[in-house]
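Shown next: entry_34.txt, given as compact mmCIF, C-alpha atoms.
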```txt
# COMPACT_ATOMS: atom_id res chain seq x y z
CA MET A 1121 -20.86 16.92 4.49
CA LYS A 1122 -20.97 19.83 2.09
CA ASP A 1123 -19.24 19.19 -1.23
CA ILE A 1124 -16.84 21.71 -2.75
CA ASN A 1125 -17.59 22.15 -6.43
CA LEU A 1126 -14.45 22.70 -8.47
CA SER A 1127 -14.19 23.28 -12.19
CA ASN A 1128 -12.77 20.51 -14.34
CA ASN A 1129 -9.81 22.74 -15.21
CA THR A 1130 -9.01 23.33 -11.53
CA VAL A 1131 -9.06 19.59 -10.84
CA LEU A 1132 -6.93 18.98 -13.92
CA ILE A 1133 -4.30 21.53 -12.88
CA TYR A 1134 -4.23 20.08 -9.36
CA ARG A 1135 -3.65 16.58 -10.70
CA ILE A 1136 -1.00 17.71 -13.19
CA LEU A 1137 0.89 19.46 -10.39
CA PHE A 1138 1.05 16.46 -8.07
CA ALA A 1139 1.43 13.79 -10.75
CA GLY A 1140 4.29 15.83 -12.19
CA LEU A 1141 5.95 16.13 -8.79
CA SER A 1142 5.62 12.39 -8.19
CA TRP A 1143 6.96 11.42 -11.63
CA PHE A 1144 9.85 13.85 -11.21
CA THR A 1145 10.71 12.25 -7.86
CA PHE A 1146 10.56 8.71 -9.26
CA ILE A 1147 12.68 9.51 -12.31
CA ALA A 1148 15.20 11.66 -10.45
CA SER A 1149 15.58 8.94 -7.79
CA VAL A 1150 16.49 6.40 -10.46
CA VAL A 1151 18.98 8.75 -12.11
CA ILE A 1152 20.61 9.81 -8.83
CA TYR A 1153 20.90 6.19 -7.71
CA GLY A 1154 22.55 5.26 -11.00
CA LEU A 1155 25.00 8.16 -10.80
CA PHE A 1156 26.07 7.83 -7.19
CA TYR A 1157 25.16 4.44 -5.74
CA GLY A 1158 25.13 1.63 -8.28
CA PRO A 1159 23.46 0.22 -11.39
CA ILE A 1160 20.10 1.84 -12.09
CA PHE A 1161 18.29 -1.49 -12.13
CA GLU A 1162 19.23 -2.06 -8.50
CA TRP A 1163 17.04 0.93 -7.57
CA PHE A 1164 13.98 -1.05 -8.62
CA ASN A 1165 14.48 -3.26 -5.55
CA SER A 1166 12.85 -0.35 -3.73
CA PHE A 1167 9.55 -1.50 -5.27
CA LYS A 1168 9.49 -4.14 -2.55
CA ALA A 1169 8.45 -1.34 -0.21
CA PHE A 1170 4.75 -0.68 0.37
CA THR A 1171 5.52 3.04 0.16
CA ILE A 1172 6.89 2.84 -3.36
CA GLN A 1173 4.15 0.51 -4.58
CA THR A 1174 1.32 2.68 -3.25
CA ASN A 1175 2.90 5.89 -4.52
CA PHE A 1176 3.29 4.31 -7.94
CA MET A 1177 -0.37 3.25 -7.88
CA VAL A 1178 -1.65 6.75 -7.18
CA THR A 1179 0.79 8.32 -9.64
CA ILE A 1180 -0.47 6.05 -12.40
CA TRP A 1181 -4.04 6.83 -11.34
CA LEU A 1182 -3.44 10.58 -11.50
CA THR A 1183 -1.76 10.22 -14.88
CA LEU A 1184 -4.71 8.30 -16.32
CA ALA A 1185 -7.14 10.79 -14.82
CA ILE A 1186 -5.22 13.59 -16.56
CA LEU A 1187 -5.17 11.77 -19.90
CA TRP A 1188 -8.89 10.90 -19.63
CA HIS A 1189 -10.15 14.15 -18.09
CA LYS A 1190 -12.45 14.70 -21.10
CA LYS A 1191 -13.38 11.03 -21.44
CA PRO A 1192 -16.04 10.29 -18.81
CA GLU A 1193 -16.46 6.59 -19.59
CA PRO A 1194 -12.83 5.45 -19.05
CA LEU A 1195 -12.49 7.94 -16.18
CA GLU A 1196 -15.47 6.40 -14.44
CA LYS A 1197 -13.83 2.97 -14.64
CA ILE A 1198 -10.92 4.09 -12.46
CA THR A 1199 -13.05 5.88 -9.88
CA GLY A 1200 -15.21 4.19 -7.27
CA LEU A 1201 -13.79 0.78 -6.41
CA LEU A 1202 -10.26 1.41 -7.72
CA LYS A 1203 -9.78 4.96 -6.49
CA GLY A 1204 -11.18 4.07 -3.09
CA ALA A 1205 -8.72 1.19 -2.80
CA PHE A 1206 -5.75 3.40 -3.70
CA THR A 1207 -6.91 6.02 -1.20
CA VAL A 1208 -6.98 3.43 1.58
CA TYR A 1209 -3.51 2.16 0.66
CA ILE A 1210 -1.86 5.59 0.42
CA SER A 1211 -3.50 6.54 3.72
CA ILE A 1212 -1.86 3.50 5.34
CA THR A 1213 1.49 4.61 3.89
CA PHE A 1214 1.06 8.08 5.37
CA ILE A 1215 -0.16 6.97 8.79
CA PHE A 1216 2.29 4.15 9.42
CA PHE A 1217 5.32 6.05 8.26
CA ALA A 1218 4.43 8.98 10.49
CA ILE A 1219 3.91 6.71 13.52
CA LEU A 1220 6.34 3.80 13.13
CA LEU A 1221 9.14 4.92 10.84
CA ALA A 1222 9.53 8.71 10.96
CA PRO A 1223 10.97 8.74 14.51
CA PHE A 1224 13.84 6.48 13.35
CA TYR A 1225 14.40 7.82 9.83
CA HIS A 1226 16.22 11.13 9.38
CA PRO A 1227 17.36 11.36 5.74
CA THR A 1228 19.36 14.20 4.26
CA GLY A 1229 19.79 15.60 0.78
CA TRP A 1230 17.79 14.00 -2.00
CA ALA A 1231 16.55 11.23 0.30
CA ALA A 1232 14.92 13.88 2.50
CA PHE A 1233 13.14 15.38 -0.50
CA SER A 1234 11.90 12.03 -1.85
CA ASN A 1235 10.84 11.05 1.66
CA LEU A 1236 8.78 14.25 1.90
CA VAL A 1237 7.13 13.60 -1.46
CA PHE A 1238 6.38 9.88 -1.03
CA HIS A 1239 5.37 9.88 2.63
CA TYR A 1240 3.63 13.21 3.00
CA ILE A 1241 2.94 15.32 -0.10
CA THR A 1242 1.61 12.66 -2.48
CA PRO A 1243 -0.46 10.82 0.14
CA ILE A 1244 -2.07 14.02 1.42
CA ALA A 1245 -2.63 15.32 -2.12
CA PHE A 1246 -4.37 12.10 -3.15
CA ILE A 1247 -6.54 12.03 -0.04
CA VAL A 1248 -7.54 15.64 -0.74
CA ASP A 1249 -8.30 14.69 -4.35
CA TRP A 1250 -10.58 11.94 -3.03
CA LEU A 1251 -12.33 14.35 -0.67
CA LEU A 1252 -12.87 16.92 -3.42
CA THR A 1253 -13.91 14.70 -6.32
CA GLU A 1254 -15.08 11.25 -5.23
CA ASN A 1255 -18.72 12.15 -4.76
CA LYS A 1256 -20.42 10.87 -7.89
CA LEU A 1257 -20.30 7.07 -7.66
CA ARG A 1258 -21.86 5.45 -4.59
CA TYR A 1259 -19.63 2.94 -2.82
CA LYS A 1260 -20.83 -0.49 -1.73
CA TRP A 1261 -19.96 -2.07 1.60
CA LYS A 1262 -18.60 -5.13 -0.19
CA TYR A 1263 -15.72 -2.92 -1.38
CA LEU A 1264 -14.33 -3.39 2.13
CA PHE A 1265 -13.51 -7.01 1.36
CA TYR A 1266 -11.79 -6.22 -1.94
CA TRP A 1267 -9.74 -3.36 -0.50
CA VAL A 1268 -8.46 -5.15 2.59
CA CYS A 1269 -8.33 -8.81 1.61
CA ILE A 1270 -6.63 -8.66 -1.78
CA TYR A 1271 -3.64 -6.35 -2.10
CA PRO A 1272 -2.76 -5.79 1.60
CA VAL A 1273 -3.02 -9.49 2.45
CA CYS A 1274 -1.02 -10.48 -0.64
CA TYR A 1275 1.62 -7.90 0.28
CA LEU A 1276 1.91 -9.30 3.80
CA VAL A 1277 2.26 -12.82 2.41
CA PHE A 1278 5.02 -11.54 0.12
CA ILE A 1279 6.78 -9.86 3.07
CA PHE A 1280 6.95 -13.05 5.11
CA ILE A 1281 7.91 -15.31 2.20
CA HIS A 1282 10.62 -12.84 1.18
CA GLY A 1283 11.82 -12.62 4.77
CA ALA A 1284 11.88 -16.38 5.23
CA LEU A 1285 13.98 -16.79 2.07
CA THR A 1286 16.34 -13.83 2.50
CA SER A 1287 16.04 -12.79 6.19
CA ASP A 1288 15.05 -9.34 4.86
CA TYR A 1289 11.56 -8.45 6.09
CA ILE A 1290 11.78 -4.97 4.51
CA TYR A 1291 10.24 -3.29 7.58
CA TYR A 1292 11.68 -3.82 11.07
CA PHE A 1293 8.27 -4.38 12.64
CA PHE A 1294 7.74 -7.51 10.50
CA ASP A 1295 11.11 -9.07 11.34
CA VAL A 1296 10.19 -12.48 12.71
CA ASN A 1297 13.85 -13.26 13.50
CA ALA A 1298 14.13 -10.24 15.78
CA LEU A 1299 10.60 -10.02 17.17
CA GLY A 1300 9.34 -13.59 17.07
CA MET A 1301 6.04 -14.70 15.62
CA LEU A 1302 3.95 -12.93 18.24
CA GLY A 1303 5.96 -9.73 17.97
CA ALA A 1304 5.45 -9.65 14.19
CA ALA A 1305 1.78 -10.63 14.49
CA ILE A 1306 0.97 -7.52 16.52
CA PRO A 1307 1.83 -4.96 13.79
CA VAL A 1308 0.14 -7.18 11.19
CA SER A 1309 -3.05 -7.07 13.28
CA ILE A 1310 -2.74 -3.32 13.74
CA ILE A 1311 -2.24 -2.73 10.02
CA ILE A 1312 -5.20 -4.93 9.03
CA THR A 1313 -7.38 -3.26 11.66
CA THR A 1314 -6.30 0.17 10.44
CA GLY A 1315 -7.05 -0.81 6.84
CA ILE A 1316 -10.52 -2.02 7.81
CA THR A 1317 -11.18 1.16 9.80
CA LEU A 1318 -10.02 3.43 6.98
CA ALA A 1319 -12.06 1.50 4.44
CA CYS A 1320 -15.17 1.79 6.61
CA VAL A 1321 -14.60 5.54 7.03
CA TYR A 1322 -14.14 6.15 3.30
CA ILE A 1323 -17.16 4.05 2.39
CA ALA A 1324 -19.34 5.70 5.05
CA VAL A 1325 -18.28 9.21 4.00
CA ASN A 1326 -18.92 8.41 0.34
CA ARG A 1327 -22.34 6.96 1.06
CA MET A 1328 -23.33 10.01 3.11
CA ARG A 1329 -22.26 12.30 0.26
CA THR A 1330 -24.06 10.30 -2.43
CA LYS A 1331 -27.43 9.82 -0.79
CA SER A 1332 -30.18 10.07 -3.36
```
Would you write the structure of this file as structure tokens?
Amino acid sequence: MKDINLSNNTVLIYRILFAGLSWFTFIASVVIYGLFYGPIFEWFNSFKAFTIQTNFMVTIWLTLAILWHKKPEPLEKITGLLKGAFTVYISITFIFFAILLAPFYHPTGWAAFSNLVFHYITPIAFIVDWLLTENKLRYKWKYLFYWVCIYPVCYLVFIFIHGALTSDYIYYFFDVNALGMLGAAIPVSIIITTGITLACVYIAVNRMRTKS
């Protein structure tokens, strides 16, 4: 795979553009919720959603990469293992929304804009950032375990504990009350399998691009 060499300034501008869009969407969502729907702090319940968590992760990553763009040592600490993990997670957000949720979700107004940013623009922008810039540090296959077995598994545990206590499983395809244990186990298996597949793809691509 041939690498595209971009100047540091081009990468910086790209990251500023998409980090700025993401921060604007987060902040505006809080303000709009407070003005029209209820107390601002209630909006933060949306952080239960995998979408919001993963978008926040990559927005923080982009912000740090902007702040440290001339500091190679701290920048290197957030690439490799960490950036690869966030790329896998935001890819899951993009894929599963497009397949499982988009057919049933038709927002209007501000919700349509934030939906576009969080489910399409930011995920695609971060994946493109990975493709364009993550070619210096060589990934290890053991990253697969860290990426799939820590955050995603912990999130699934949270989903089912939260659902058992409140009957709110956040996503309909995890709703044990409606689907039964087997019905909920199927999407869990699909998500874990997808995460493993994506992780393998990203690691394999990185290792091909960083052959000595």
Hey, which bits of range 1133-1252 of chain A sit within 12 Å of range 1304-1319 of chain A, and for each residue what's the closest pair of atoms and how far apart in Å (one decimal), counting all atoms listed in the file, rows by chain and increasing number, as CSV?
```
residue,atom,partner,partner_atom,distance
A:Leu1201,CA,A:Ala1319,CA,11.0
A:Lys1203,CA,A:Ala1319,CA,11.7
A:Gly1204,CA,A:Ala1319,CA,8.0
A:Ala1205,CA,A:Ala1319,CA,8.0
A:Phe1206,CA,A:Ala1319,CA,10.5
A:Thr1207,CA,A:Ala1319,CA,8.9
A:Val1208,CA,A:Ala1319,CA,6.1
A:Tyr1209,CA,A:Gly1315,CA,7.7
A:Ile1210,CA,A:Gly1315,CA,10.4
A:Ser1211,CA,A:Leu1318,CA,7.9
A:Ile1212,CA,A:Gly1315,CA,6.9
A:Thr1213,CA,A:Ile1311,CA,10.3
A:Phe1214,CA,A:Thr1314,CA,11.9
A:Ile1215,CA,A:Thr1314,CA,9.3
A:Phe1216,CA,A:Ile1311,CA,8.3
A:Phe1217,CA,A:Ile1311,CA,11.7
A:Ile1219,CA,A:Ile1311,CA,11.8
A:Leu1220,CA,A:Pro1307,CA,9.9
A:Ile1247,CA,A:Leu1318,CA,11.6
```
Select from range 1242-1327 of chain A every residue with an atom at most 10 Å from any atom of range 1195-1200 of chain A, then for each give the shortest pair of atoms and their distance in Å to one decimal, using all atoms listed in the file, rows by chain and rising number, as CSV.
```
residue,atom,partner,partner_atom,distance
A:Trp1250,CA,A:Thr1199,CA,9.5
A:Thr1253,CA,A:Thr1199,CA,9.6
A:Glu1254,CA,A:Gly1200,CA,7.3
A:Asn1255,CA,A:Gly1200,CA,9.1
A:Lys1256,CA,A:Gly1200,CA,8.5
A:Leu1257,CA,A:Gly1200,CA,5.9
A:Arg1258,CA,A:Gly1200,CA,7.3
A:Tyr1259,CA,A:Gly1200,CA,6.4
A:Lys1260,CA,A:Gly1200,CA,9.2
A:Tyr1263,CA,A:Gly1200,CA,9.2
A:Ile1323,CA,A:Gly1200,CA,9.9
A:Asn1326,CA,A:Gly1200,CA,9.5
```
For a test of reading the model, state the distance in Å between CA of Tyr1275 in chain A and CA of Leu1187 in chain A, rounded to one decimal.
29.0 Å
Pick out the residues sitting within 10 Å of range 1276-1290 of chain A, and hand them over as an mmCIF file with C-alpha atoms, keeping the file's coordinate frame; count all atoms listed in the file, and ignore anything fewer than 3 positions along from it in its own chain.
```cif
data_model
loop_
_atom_site.group_PDB
_atom_site.id
_atom_site.type_symbol
_atom_site.label_atom_id
_atom_site.label_comp_id
_atom_site.auth_asym_id
_atom_site.auth_seq_id
_atom_site.Cartn_x
_atom_site.Cartn_y
_atom_site.Cartn_z
ATOM 1 C CA SER A 1166 12.850 -0.350 -3.730
ATOM 2 C CA LYS A 1168 9.490 -4.140 -2.550
ATOM 3 C CA ALA A 1169 8.450 -1.340 -0.210
ATOM 4 C CA PHE A 1170 4.750 -0.680 0.370
ATOM 5 C CA TYR A 1271 -3.640 -6.350 -2.100
ATOM 6 C CA PRO A 1272 -2.760 -5.790 1.600
ATOM 7 C CA VAL A 1273 -3.020 -9.490 2.450
ATOM 8 C CA PHE A 1293 8.270 -4.380 12.640
ATOM 9 C CA PHE A 1294 7.740 -7.510 10.500
ATOM 10 C CA ASP A 1295 11.110 -9.070 11.340
ATOM 11 C CA VAL A 1296 10.190 -12.480 12.710
ATOM 12 C CA ASN A 1297 13.850 -13.260 13.500
ATOM 13 C CA ALA A 1304 5.450 -9.650 14.190
ATOM 14 C CA VAL A 1308 0.140 -7.180 11.190
ATOM 15 C CA ILE A 1311 -2.240 -2.730 10.020
ATOM 16 C CA ILE A 1312 -5.200 -4.930 9.030
#
```
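Of the listed residues (A:Asp1249, A:Met1328, A:Tyr1292, A:Leu1137), A:Tyr1292 comes nearest to Leu1221 in chain A; the distances count all atoms listed in the file.
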Quick one: pull the distance between CA of Phe1224 in chain A and CA of Ile1152 in chain A, Å, one decimal.
23.4 Å
Starting from 3 Å padding per side, set up an axis-aligned box that covers all listed atoms of range 1255-1264 of chain A and hand over centre and edge lengths in Å, one decimal, as JSON.
```
{"center_x": -18.1, "center_y": 3.5, "center_z": -2.9, "size_x": 13.5, "size_y": 23.3, "size_z": 16.0}
```
Residues near Leu1182 in chain A, anyone? I mean within 10 Å using all atoms listed in the file, not counting same-chain ones fewer than 3 positions away, as a PDB file with C-alpha atoms, keeping the file's coordinate frame.
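Okay, this is what ended up in part36.pdb:
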```pdb
ATOM      1  CA  LEU A1132      -6.930  18.980 -13.920  1.00  0.00           C
ATOM      2  CA  TYR A1134      -4.230  20.080  -9.360  1.00  0.00           C
ATOM      3  CA  ARG A1135      -3.650  16.580 -10.700  1.00  0.00           C
ATOM      4  CA  ILE A1136      -1.000  17.710 -13.190  1.00  0.00           C
ATOM      5  CA  LEU A1137       0.890  19.460 -10.390  1.00  0.00           C
ATOM      6  CA  PHE A1138       1.050  16.460  -8.070  1.00  0.00           C
ATOM      7  CA  ALA A1139       1.430  13.790 -10.750  1.00  0.00           C
ATOM      8  CA  GLY A1140       4.290  15.830 -12.190  1.00  0.00           C
ATOM      9  CA  SER A1142       5.620  12.390  -8.190  1.00  0.00           C
ATOM     10  CA  PHE A1176       3.290   4.310  -7.940  1.00  0.00           C
ATOM     11  CA  MET A1177      -0.370   3.250  -7.880  1.00  0.00           C
ATOM     12  CA  VAL A1178      -1.650   6.750  -7.180  1.00  0.00           C
ATOM     13  CA  THR A1179       0.790   8.320  -9.640  1.00  0.00           C
ATOM     14  CA  ALA A1185      -7.140  10.790 -14.820  1.00  0.00           C
ATOM     15  CA  ILE A1186      -5.220  13.590 -16.560  1.00  0.00           C
ATOM     16  CA  LEU A1187      -5.170  11.770 -19.900  1.00  0.00           C
ATOM     17  CA  TRP A1188      -8.890  10.900 -19.630  1.00  0.00           C
ATOM     18  CA  ILE A1198     -10.920   4.090 -12.460  1.00  0.00           C
ATOM     19  CA  LYS A1203      -9.780   4.960  -6.490  1.00  0.00           C
ATOM     20  CA  PHE A1246      -4.370  12.100  -3.150  1.00  0.00           C
ATOM     21  CA  ASP A1249      -8.300  14.690  -4.350  1.00  0.00           C
TER      22      ASP A1249
END
```
Residues at most 12 Å from Tyr1153 in chain A, counting all atoms listed in the file, excluding those fewer than 2 positions away in the same chain, as an MDAnalysis selection string?
chainID A and resid 1145:1151 1155:1166 1230:1231
Out of A:Met1301, A:Leu1126, A:Val1248, A:Leu1264, which residue has the shortest atom-to-atom distance to Ala1324 in chain A when counting all atoms listed in the file?
A:Leu1264
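Distances here use only C-alpha atoms; by that measure, the residue among A:Trp1267, A:Phe1144, A:Tyr1240, A:Thr1130 closest to Leu1202 in chain A is A:Trp1267.
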Which one is closest to Ala1245 in chain A: A:His1226, A:Val1268, A:Val1131, A:Gly1303? Count all atoms listed in the file.
A:Val1131
Could you jot down the CA of Asn1129 in chain A to CA of Ile1241 in chain A separation for me, Å, one decimal place?
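CA of Asn1129 in chain A sits 21.1 Å away from CA of Ile1241 in chain A.
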Would you mind completing range 1291-1321 of chain A so that it carries N, CA and C atoms, and writing it out as a compact mmCIF listing (two decimals), in the coordinates of the input?
```txt
# COMPACT_ATOMS: atom_id res chain seq x y z
N TYR A 1291 10.54 -4.20 6.48
CA TYR A 1291 10.24 -3.29 7.58
C TYR A 1291 10.58 -3.97 8.91
N TYR A 1292 11.19 -3.22 9.82
CA TYR A 1292 11.68 -3.82 11.07
C TYR A 1292 10.57 -4.44 11.90
N PHE A 1293 9.36 -3.89 11.79
CA PHE A 1293 8.27 -4.38 12.64
C PHE A 1293 7.65 -5.68 12.12
N PHE A 1294 8.16 -6.20 10.99
CA PHE A 1294 7.74 -7.51 10.50
C PHE A 1294 8.83 -8.57 10.69
N ASP A 1295 9.95 -8.18 11.27
CA ASP A 1295 11.11 -9.07 11.34
C ASP A 1295 10.87 -10.19 12.36
N VAL A 1296 10.48 -11.34 11.86
CA VAL A 1296 10.19 -12.48 12.71
C VAL A 1296 11.44 -12.92 13.47
N ASN A 1297 12.61 -12.84 12.84
CA ASN A 1297 13.85 -13.26 13.50
C ASN A 1297 14.14 -12.43 14.75
N ALA A 1298 13.85 -11.13 14.66
CA ALA A 1298 14.13 -10.24 15.78
C ALA A 1298 12.99 -10.18 16.79
N LEU A 1299 11.75 -10.24 16.30
CA LEU A 1299 10.60 -10.02 17.17
C LEU A 1299 9.87 -11.28 17.58
N GLY A 1300 10.11 -12.38 16.83
CA GLY A 1300 9.34 -13.59 17.07
C GLY A 1300 8.00 -13.53 16.37
N MET A 1301 7.32 -14.64 16.32
CA MET A 1301 6.04 -14.70 15.62
C MET A 1301 5.00 -13.77 16.24
N LEU A 1302 4.93 -13.78 17.57
CA LEU A 1302 3.95 -12.93 18.24
C LEU A 1302 4.28 -11.46 18.04
N GLY A 1303 5.56 -11.12 18.14
CA GLY A 1303 5.96 -9.73 17.97
C GLY A 1303 5.63 -9.21 16.58
N ALA A 1304 5.78 -10.06 15.56
CA ALA A 1304 5.45 -9.65 14.19
C ALA A 1304 3.95 -9.67 13.94
N ALA A 1305 3.23 -10.53 14.68
CA ALA A 1305 1.78 -10.63 14.49
C ALA A 1305 1.06 -9.39 14.97
N ILE A 1306 1.62 -8.72 15.96
CA ILE A 1306 0.97 -7.52 16.52
C ILE A 1306 0.87 -6.41 15.48
N PRO A 1307 1.98 -6.00 14.82
CA PRO A 1307 1.83 -4.96 13.79
C PRO A 1307 0.97 -5.40 12.62
N VAL A 1308 1.01 -6.69 12.26
CA VAL A 1308 0.14 -7.18 11.19
C VAL A 1308 -1.32 -6.93 11.57
N SER A 1309 -1.68 -7.27 12.81
CA SER A 1309 -3.05 -7.07 13.28
C SER A 1309 -3.42 -5.60 13.29
N ILE A 1310 -2.47 -4.76 13.71
CA ILE A 1310 -2.74 -3.32 13.74
C ILE A 1310 -2.96 -2.77 12.34
N ILE A 1311 -2.12 -3.21 11.40
CA ILE A 1311 -2.24 -2.73 10.02
C ILE A 1311 -3.56 -3.17 9.39
N ILE A 1312 -3.93 -4.44 9.58
CA ILE A 1312 -5.20 -4.93 9.03
C ILE A 1312 -6.38 -4.19 9.66
N THR A 1313 -6.31 -3.99 10.98
CA THR A 1313 -7.38 -3.26 11.66
C THR A 1313 -7.47 -1.82 11.17
N THR A 1314 -6.32 -1.19 10.97
CA THR A 1314 -6.30 0.17 10.44
C THR A 1314 -6.88 0.22 9.04
N GLY A 1315 -6.51 -0.76 8.21
CA GLY A 1315 -7.05 -0.81 6.84
C GLY A 1315 -8.56 -0.96 6.85
N ILE A 1316 -9.08 -1.83 7.71
CA ILE A 1316 -10.52 -2.02 7.81
C ILE A 1316 -11.20 -0.73 8.27
N THR A 1317 -10.60 -0.09 9.27
CA THR A 1317 -11.18 1.16 9.80
C THR A 1317 -11.20 2.24 8.74
N LEU A 1318 -10.08 2.41 8.04
CA LEU A 1318 -10.02 3.43 6.98
C LEU A 1318 -11.03 3.14 5.88
N ALA A 1319 -11.11 1.87 5.48
CA ALA A 1319 -12.06 1.50 4.44
C ALA A 1319 -13.49 1.82 4.86
N CYS A 1320 -13.82 1.50 6.11
CA CYS A 1320 -15.17 1.79 6.61
C CYS A 1320 -15.44 3.30 6.61
N VAL A 1321 -14.43 4.08 7.00
CA VAL A 1321 -14.60 5.54 7.03
C VAL A 1321 -14.83 6.08 5.62
```
